[in-house]
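Novice: One file is attached below, work_17.cif, containing mmCIF, C-alpha atoms.
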```cif
data_input
loop_
_atom_site.label_atom_id
_atom_site.label_comp_id
_atom_site.auth_asym_id
_atom_site.auth_seq_id
_atom_site.Cartn_x
_atom_site.Cartn_y
_atom_site.Cartn_z
CA MET S 1 47.59 97.75 -11.32
CA LYS S 2 48.00 100.48 -8.75
CA ASP S 3 46.46 98.69 -5.82
CA LEU S 4 45.19 95.31 -4.69
CA SER S 5 41.51 96.15 -5.09
CA LEU S 6 42.06 96.52 -8.84
CA HIS S 7 43.41 92.97 -8.93
CA VAL S 8 40.29 91.83 -7.10
CA LEU S 9 38.15 93.69 -9.64
CA ASP S 10 40.03 91.99 -12.46
CA ILE S 11 39.81 88.46 -11.04
CA MET S 12 36.09 88.96 -10.32
CA GLN S 13 35.60 89.74 -14.01
CA ASN S 14 37.14 86.33 -14.77
CA SER S 15 34.61 84.73 -12.42
CA LEU S 16 31.79 86.54 -14.18
CA SER S 17 33.03 85.42 -17.61
CA ALA S 18 33.03 81.87 -16.23
CA GLY S 19 29.32 82.27 -15.54
CA ALA S 20 29.58 82.42 -11.75
CA HIS S 21 26.42 83.00 -9.66
CA ASP S 22 28.27 83.17 -6.40
CA ILE S 23 31.55 84.98 -5.81
CA ASN S 24 33.35 85.02 -2.48
CA VAL S 25 36.06 87.57 -1.82
CA GLU S 26 37.95 87.07 1.39
CA ILE S 27 40.72 89.22 2.77
CA VAL S 28 42.57 88.26 5.91
CA GLU S 29 45.14 90.55 7.50
CA ASP S 30 47.18 89.09 10.30
CA GLN S 31 49.86 91.13 12.04
CA VAL S 32 50.91 88.22 14.25
CA ILE S 33 52.09 86.00 11.41
CA ASP S 34 52.65 88.98 9.07
CA LYS S 35 50.28 87.75 6.37
CA TYR S 36 47.90 89.43 3.96
CA LEU S 37 45.80 86.87 2.14
CA ILE S 38 43.31 87.52 -0.63
CA THR S 39 41.09 84.65 -1.73
CA ILE S 40 38.55 84.81 -4.54
CA ARG S 41 36.31 81.79 -4.96
CA ASP S 42 33.55 81.33 -7.51
CA ASP S 43 31.09 78.69 -8.67
CA GLY S 44 31.76 79.33 -12.34
CA LYS S 45 32.41 76.64 -14.92
CA GLY S 46 35.96 76.00 -13.73
CA MET S 47 38.98 74.97 -15.75
CA SER S 48 40.48 71.72 -16.96
CA PRO S 49 43.92 70.66 -15.62
CA GLU S 50 45.50 71.57 -18.99
CA MET S 51 44.02 75.05 -18.92
CA LEU S 52 45.05 75.47 -15.29
CA THR S 53 48.71 74.98 -16.18
CA LYS S 54 48.45 77.69 -18.82
CA VAL S 55 46.61 80.51 -17.03
CA THR S 56 49.68 81.96 -15.35
CA ASP S 57 51.28 82.28 -18.77
CA PRO S 58 50.80 85.83 -20.04
CA PHE S 59 50.43 84.58 -23.59
CA PHE S 60 47.39 82.53 -22.77
CA THR S 61 43.87 83.96 -22.79
CA THR S 62 40.35 82.76 -23.48
CA ARG S 63 39.63 86.05 -25.22
CA THR S 64 39.23 86.16 -28.91
CA THR S 65 39.72 89.91 -29.02
CA ARG S 66 43.43 89.86 -28.21
CA LYS S 67 46.35 87.49 -27.80
CA VAL S 68 47.53 88.17 -24.26
CA GLY S 69 45.91 87.63 -20.87
CA LEU S 70 47.67 89.49 -18.10
CA GLY S 71 45.19 89.46 -15.20
CA ILE S 72 46.38 86.33 -13.40
CA PRO S 73 50.10 86.66 -14.24
CA LEU S 74 50.12 90.24 -12.89
CA LEU S 75 48.56 89.23 -9.58
CA LYS S 76 50.98 86.30 -9.27
CA GLU S 77 53.92 88.57 -9.94
CA HIS S 78 52.77 91.17 -7.40
CA ALA S 79 52.23 88.51 -4.72
CA GLU S 80 55.65 86.97 -5.30
CA GLN S 81 57.30 90.39 -5.33
CA ALA S 82 55.87 91.04 -1.89
CA GLY S 83 57.28 87.87 -0.38
CA GLY S 84 54.05 86.00 -0.88
CA THR S 85 52.53 82.99 -2.53
CA PHE S 86 50.05 82.38 -5.30
CA SER S 87 47.81 79.41 -5.87
CA ILE S 88 44.93 78.55 -8.10
CA THR S 89 42.67 75.52 -7.80
CA SER S 90 39.97 74.67 -10.24
CA GLY S 91 38.09 71.81 -11.82
CA ILE S 92 35.51 71.60 -14.59
CA GLY S 93 32.13 72.25 -13.01
CA LYS S 94 33.71 72.91 -9.63
CA GLY S 95 34.47 76.60 -9.84
CA THR S 96 37.79 78.27 -9.26
CA GLU S 97 39.66 79.52 -6.23
CA ILE S 98 42.52 81.96 -6.47
CA ALA S 99 44.60 82.76 -3.41
CA ALA S 100 47.27 85.43 -3.34
CA GLY S 101 49.30 85.80 -0.17
CA PHE S 102 51.54 88.74 0.67
CA LEU S 103 53.76 89.65 3.58
CA LEU S 104 51.66 92.25 5.39
CA SER S 105 54.69 94.38 6.24
CA HIS S 106 56.49 93.97 2.90
CA ILE S 107 57.38 97.31 1.38
CA ASP S 108 56.29 96.10 -2.06
CA ARG S 109 52.87 94.99 -0.91
CA GLN S 110 50.51 97.41 -2.58
CA PRO S 111 47.81 99.13 -0.53
CA LEU S 112 44.32 97.67 -0.77
CA GLY S 113 42.78 100.75 -2.38
CA ASP S 114 39.08 101.21 -2.97
CA ILE S 115 37.81 97.72 -2.21
CA ALA S 116 34.34 99.01 -1.27
CA GLY S 117 33.90 100.61 -4.69
CA THR S 118 35.24 97.49 -6.39
CA ILE S 119 32.74 95.20 -4.67
CA VAL S 120 29.76 97.55 -5.02
CA LEU S 121 30.37 98.49 -8.68
CA THR S 122 30.67 94.83 -9.63
CA ALA S 123 27.53 93.99 -7.66
CA ALA S 124 25.64 96.88 -9.29
CA SER S 125 26.62 95.74 -12.78
CA ASN S 126 25.71 92.13 -12.09
CA PRO S 127 22.60 92.11 -9.88
CA GLN S 128 21.95 88.43 -10.63
CA VAL S 129 25.23 87.39 -8.99
CA ARG S 130 25.62 86.96 -5.25
CA ILE S 131 28.82 88.55 -4.03
CA ARG S 132 30.15 88.07 -0.54
CA TYR S 133 33.05 90.03 0.83
CA THR S 134 34.65 89.13 4.13
CA HIS S 135 37.43 91.15 5.68
CA THR S 136 39.19 89.91 8.79
CA THR S 137 41.86 91.63 10.86
CA GLY S 138 43.04 91.11 14.43
CA PHE S 139 40.19 93.40 15.52
CA GLY S 140 37.35 91.48 13.97
CA THR S 141 35.52 90.46 10.82
CA TYR S 142 33.23 92.39 8.54
CA LEU S 143 30.90 90.60 6.12
CA PHE S 144 29.11 92.21 3.20
CA ASP S 145 26.62 90.04 1.34
CA THR S 146 24.65 91.22 -1.68
CA ALA S 147 21.93 88.67 -0.86
CA GLU S 148 21.09 90.73 2.26
CA VAL S 149 21.19 93.91 0.21
CA SER S 150 18.78 92.65 -2.43
CA GLU S 151 16.45 91.34 0.27
CA ILE S 152 16.09 94.89 1.60
CA LEU S 153 16.06 96.60 -1.79
CA GLY S 154 13.37 94.41 -3.32
CA ASP S 155 12.79 95.77 -6.82
CA THR S 156 14.65 99.04 -6.20
CA PRO S 157 17.66 98.80 -8.52
CA ILE S 158 21.05 98.36 -6.89
CA ASN S 159 22.65 100.32 -9.73
CA ASN S 160 21.06 103.57 -8.55
CA ALA S 161 23.71 106.17 -7.66
CA LEU S 162 22.24 106.81 -4.19
CA VAL S 163 22.31 103.11 -3.35
CA ILE S 164 25.85 102.73 -4.68
CA ASN S 165 27.10 105.68 -2.64
CA PHE S 166 25.42 104.44 0.49
CA LEU S 167 26.84 100.91 0.17
CA VAL S 168 30.36 102.20 -0.48
CA GLU S 169 30.19 104.45 2.59
CA MET S 170 28.75 101.66 4.69
CA ILE S 171 31.54 99.23 3.79
CA ASN S 172 34.23 101.86 4.33
CA GLU S 173 32.89 102.84 7.76
CA ASN S 174 32.75 99.22 8.84
CA LEU S 175 36.24 98.49 7.55
CA GLU S 176 37.53 101.52 9.45
CA GLN S 177 36.37 99.84 12.67
CA ILE S 178 38.60 96.80 12.23
CA LYS S 179 41.54 98.54 10.59
CA TYR S 180 45.10 98.16 11.89
CA SER S 181 46.50 101.59 12.50
CA HIS S 182 49.67 101.43 10.47
CA MET I 1 31.53 109.13 17.53
CA THR I 2 28.91 108.99 14.82
CA LYS I 3 26.89 105.86 14.27
CA ILE I 4 28.24 103.42 11.73
CA LYS I 5 25.98 102.82 8.77
CA SER I 6 24.35 99.43 8.63
CA LEU I 7 22.02 97.64 6.26
CA ASN I 8 19.09 98.96 8.31
CA ASP I 9 19.89 102.45 7.02
CA LEU I 10 19.55 101.06 3.50
CA ARG I 11 15.78 101.04 4.00
CA VAL I 12 15.85 104.83 4.26
CA ILE I 13 17.84 105.05 1.03
CA LYS I 14 15.41 102.68 -0.65
CA ALA I 15 12.47 104.92 0.26
CA GLU I 16 14.38 107.95 -0.99
CA VAL I 17 15.21 106.27 -4.30
CA GLU I 18 11.64 105.14 -4.80
CA ALA I 19 10.32 108.63 -4.16
CA LYS I 20 12.71 110.06 -6.75
CA MET I 21 12.07 107.50 -9.44
CA ASN I 22 9.48 108.54 -11.94
CA LEU I 23 7.08 106.25 -13.73
CA ARG I 24 9.19 106.00 -16.84
CA GLU I 25 12.15 104.58 -14.96
CA ARG I 26 9.90 102.34 -12.94
CA SER I 27 8.50 100.74 -16.05
CA ASP I 28 11.61 98.59 -16.06
CA ALA I 29 12.57 99.37 -19.63
CA PRO I 30 16.33 99.74 -19.67
CA GLU I 31 16.28 100.15 -23.45
CA LYS I 32 14.61 103.52 -22.92
CA MET I 33 17.44 104.76 -20.74
CA ILE I 34 20.90 105.90 -21.71
CA GLN I 35 23.32 103.03 -21.28
CA VAL I 36 26.98 103.47 -20.53
CA LYS I 37 29.19 100.40 -20.58
CA VAL I 38 32.70 100.70 -19.22
CA ALA I 39 35.21 98.12 -20.47
CA MET I 40 36.58 96.43 -17.35
CA ALA I 41 39.12 93.83 -18.36
CA THR I 42 42.75 93.86 -17.24
CA CYS I 43 43.64 96.45 -19.88
CA GLY I 44 40.79 98.78 -18.91
CA ILE I 45 41.31 98.45 -15.17
CA ALA I 46 45.04 99.10 -15.47
CA SER I 47 44.34 102.28 -17.45
CA GLY I 48 41.88 103.70 -14.94
CA ALA I 49 38.47 102.40 -16.04
CA LYS I 50 37.23 102.20 -12.47
CA ALA I 51 37.80 105.92 -11.87
CA VAL I 52 35.92 106.65 -15.10
CA MET I 53 33.03 104.45 -13.98
CA ASP I 54 32.88 106.15 -10.56
CA TYR I 55 32.86 109.51 -12.32
CA MET I 56 30.11 108.59 -14.81
CA ILE I 57 27.84 107.26 -12.06
CA SER I 58 28.18 110.33 -9.85
CA GLU I 59 28.09 112.92 -12.66
CA LEU I 60 25.06 111.45 -14.47
CA ASP I 61 23.25 111.39 -11.15
CA LYS I 62 24.29 114.96 -10.29
CA ARG I 63 22.99 116.20 -13.65
CA HIS I 64 19.76 114.20 -13.27
CA ILE I 65 20.29 112.16 -16.43
CA PRO I 66 18.54 108.80 -16.16
CA ALA I 67 21.18 106.29 -17.16
CA ILE I 68 22.49 102.84 -16.41
CA VAL I 69 26.23 102.54 -15.99
CA SER I 70 27.61 99.02 -16.08
CA GLN I 71 30.78 97.02 -16.59
CA THR I 72 31.58 95.02 -19.66
CA GLY I 73 34.51 92.93 -20.83
CA CYS I 74 37.35 93.80 -23.14
CA MET I 75 36.07 95.20 -26.41
CA GLY I 76 39.38 94.57 -28.14
CA TYR I 77 40.57 98.19 -28.15
CA CYS I 78 43.20 97.70 -25.47
CA PHE I 79 45.36 100.44 -27.02
CA ALA I 80 42.62 103.00 -26.44
CA GLU I 81 41.64 102.12 -22.88
CA PRO I 82 39.74 103.23 -20.94
CA THR I 83 36.94 102.78 -23.46
CA ILE I 84 33.24 103.28 -22.90
CA GLU I 85 30.24 102.48 -25.03
CA VAL I 86 27.37 104.95 -24.90
CA THR I 87 23.94 103.99 -26.19
CA ILE I 88 21.32 106.70 -26.47
CA PRO I 89 17.85 105.19 -26.98
CA GLY I 90 16.99 105.01 -30.68
CA LYS I 91 20.56 105.65 -31.82
CA ASP I 92 23.46 103.39 -32.70
CA SER I 93 25.87 102.90 -29.85
CA ILE I 94 29.16 104.74 -29.98
CA VAL I 95 32.47 103.63 -28.49
CA PHE I 96 34.76 106.34 -27.11
CA GLY I 97 38.43 105.67 -26.43
CA TYR I 98 41.06 107.25 -24.16
CA VAL I 99 38.38 108.32 -21.72
CA THR I 100 39.63 110.38 -18.81
CA GLU I 101 37.43 112.27 -16.35
CA LYS I 102 37.77 115.35 -18.53
CA LYS I 103 36.77 113.40 -21.62
CA ALA I 104 33.91 111.77 -19.72
CA ASP I 105 32.64 115.22 -18.84
CA GLN I 106 32.71 116.21 -22.53
CA ILE I 107 30.89 113.02 -23.47
CA ILE I 108 28.10 113.88 -21.03
CA GLU I 109 27.91 117.58 -21.96
CA LYS I 110 28.33 117.32 -25.72
CA TYR I 111 27.23 113.87 -26.80
CA ILE I 112 24.66 112.76 -24.25
CA LEU I 113 23.03 116.14 -23.69
CA ASN I 114 23.45 117.79 -27.10
CA GLY I 115 24.05 114.95 -29.54
CA GLU I 116 27.31 116.51 -30.77
CA LEU I 117 30.09 114.13 -31.70
CA ILE I 118 33.48 114.61 -30.12
CA GLU I 119 37.00 113.38 -30.84
CA GLY I 120 38.08 109.92 -29.82
CA ILE I 121 35.30 107.85 -31.33
CA ILE I 122 36.34 104.36 -32.30
CA PRO I 123 34.50 103.40 -35.49
CA VAL I 124 33.20 99.95 -34.65
CA ASN I 125 29.71 99.79 -36.00
CA TYR I 126 29.81 101.77 -39.19
CA GLU I 127 27.79 100.53 -42.13
CA SER I 128 29.44 100.04 -45.46
CA ILE I 129 27.73 100.60 -48.80
CA ASP I 130 27.51 96.81 -49.24
CA SER I 131 25.50 96.31 -46.10
CA LYS I 132 22.91 98.94 -47.02
#
```
Can I see the file as C-alpha cells?

Specialist:
Amino acid sequence: MKDLSLHVLDIMQNSLSAGAHDINVEIVEDQVIDKYLITIRDDGKGMSPEMLTKVTDPFFTTRTTRKVGLGIPLLKEHAEQAGGTFSITSGIGKGTEIAAGFLLSHIDRQPLGDIAGTIVLTAASNPQVRIRYTHTTGFGTYLFDTAEVSEILGDTPINNALVINFLVEMINENLEQIKYSH
Amino acid sequence: MTKIKSLNDLRVIKAEVEAKMNLRERSDAPEKMIQVKVAMATCGIASGAKAVMDYMISELDKRHIPAIVSQTGCMGYCFAEPTIEVTIPGKDSIVFGYVTEKKADQIIEKYILNGELIEGIIPVNYESIDSK
C-alpha cells in the first residue's frame, strides 16, 4: 500500500463484506501529542473471539478464492513501523472497530493520500451504506456524511461522474482548511 | 480566496446531472447500461485498482458512454491485478487482467466502443462442449 487512504479503502471493503450499513471513518491528527489515529468502525456482523485472534495472521482469510488475507496484517505492520499501535475490537452482532495509531512526525508514517476519492468511490459503489468521515486536526473538524448527500441528491445517482468529481473536490477543499502546514 | 464548496452547491450539480440524463438512463435499468466492476480487495488496491477506477469513471464520462463503474471484491485472480469485469448489455461479461490506464483506454476504445477483443482477457466464463 502506497498511502494510508488505500488502507482505509481496504478495511472499508472488509466492513462491506461483513454486511455493514453504517461505516465510520475517523482520522485525528494531533501535533501536540504527535499522534495520527485512524479509526474505522462498522455495524457489520462482527467476529467471534476465536476469529479475532486470527485476523492479524496473514495466512487467515474468510475468502474462498485464495489462501492469504493481507489487509489487516499490512495495516498493523505499517502502524507498528511508524511507532504506533494497532487494535481491533469486535463481537458477533456488535460490529468491528479497527484503530491504527501512528506517530504523526515518524518518517515511516505514510502520507494520507487520496482520502476524498477513497470515501467517495466507496460511497458511490455502495449507495445503500451510510458512510461518515470525520477528520480532526488542531485547526478544526470536518465531517462528511453520505446521509446528507443522499438527502440532497434524492433519486439522482451518486455514482454519476459529475457528482463524484464534485464531492471529491468538496472534501479536498474542506480538508485544506484544517490542514497542518508541514 | 475562493469560496469553499459545500453541500449546498451539490444542488446545482444535481440539477445539471438531471438535465443531462436522458430517459433511458432515468428508467432505472442498470442492466441496460455498460457495467464495469473493479476488483478492490487488498491485492487489487495494492496493484493500483483505485487509479484504474478513477480513470474509468472520468474517461467514460468524457466520451459520453453511459456506464456504471463500481467496486467488487477479489475475483481470485490476484496474480493479474488490477482486474476489471466489463459487461456490455446482452453479452457475456469479460474479465480483463493487468489493467493499467493505457490498457483501460484500449478496453474503452476497442472493446466497449467497437466490440473488438484485446489481449489480457482472463477466461472465466467460457462454455465447454458439455455445458451446451

Novice: Just say which residues the PyMOL selection byres ((chain I) within 8 of (chain S)) picks in this file, as a list in words.

Specialist: Ile4, Lys5, Ser6, Leu7, Leu10, Arg11, Ile13, Lys14, Val17, Glu18, Met40, Ala41, Thr42, Ile45, Ala46, Lys50, Ile57, Ser58, Asp61, Ile68, Val69, Ser70, Gln71, Gly73, Cys74, Met75 and Gly76 of chain I

Novice: Find the residues around Gly44 in chain I up to 8 Å (only C-alpha atoms counted), leave out those fewer than 3 positions away in its own chain, and share them as an MDAnalysis selection string.

Specialist: chainID I and resid 39:41 47:49 74 78 81:83

Novice: Just the number, please: distance in Å from CA of Ile33 in chain S to CA of Thr56 in chain S, one decimal.

Specialist: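 Computing the Euclidean distance for CA of Ile33 in chain S and CA of Thr56 in chain S yields 27.2 Å.
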
Novice: Rounded to one decimal place, report the CA of Val28 in chain S-CA of Leu52 in chain S distance in Å.

Specialist: 24.9 Å

Novice: From the options S:Ile23, S:Leu4, S:Val55, S:Ala147, which residue's atoms come nearest to Ala79 in chain S, counting all atoms listed in the file?

Specialist: S:Leu4

Novice: Name the residues that the PyMOL selection byres ((chain S and resi 133) around 8) pulls out of this structure, and write them as a ChimeraX atom specification.

Specialist: /S:24-27,119,131-132,134-135,143-145

Novice: To one decimal place in Å, what is the distance between CA of Lys20 in chain I and CA of Pro66 in chain I?

Specialist: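 Calculated distance between CA of Lys20 in chain I and CA of Pro66 in chain I is 11.1 Å.
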
Novice: Using only C-alpha atoms, which residue out of S:Val8, S:Ser181, S:Phe59, S:Glu29 lies closest to Ile115 in chain S?

Specialist: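 Checking each of S:Val8, S:Ser181, S:Phe59, S:Glu29 against Ile115 in chain S, counting only C-alpha atoms, the winner is S:Val8.
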
Novice: If we count all atoms listed in the file, what is near Gln128 in chain S at a cut-off of 10 Å, once residues fewer than 6 positions away on the same chain are taken out, given as a list in words?

Specialist: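 The residues satisfying every condition are Ala20, His21, Asp22, Thr146, Ala147 and Ser150 of chain S.
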
Novice: Evaluating the PyMOL selection byres ((chain S and resi 49) around 10) on the displayed file yields which residues, as a ChimeraX atom specification?

Specialist: /S:46-48,50-54,89-92
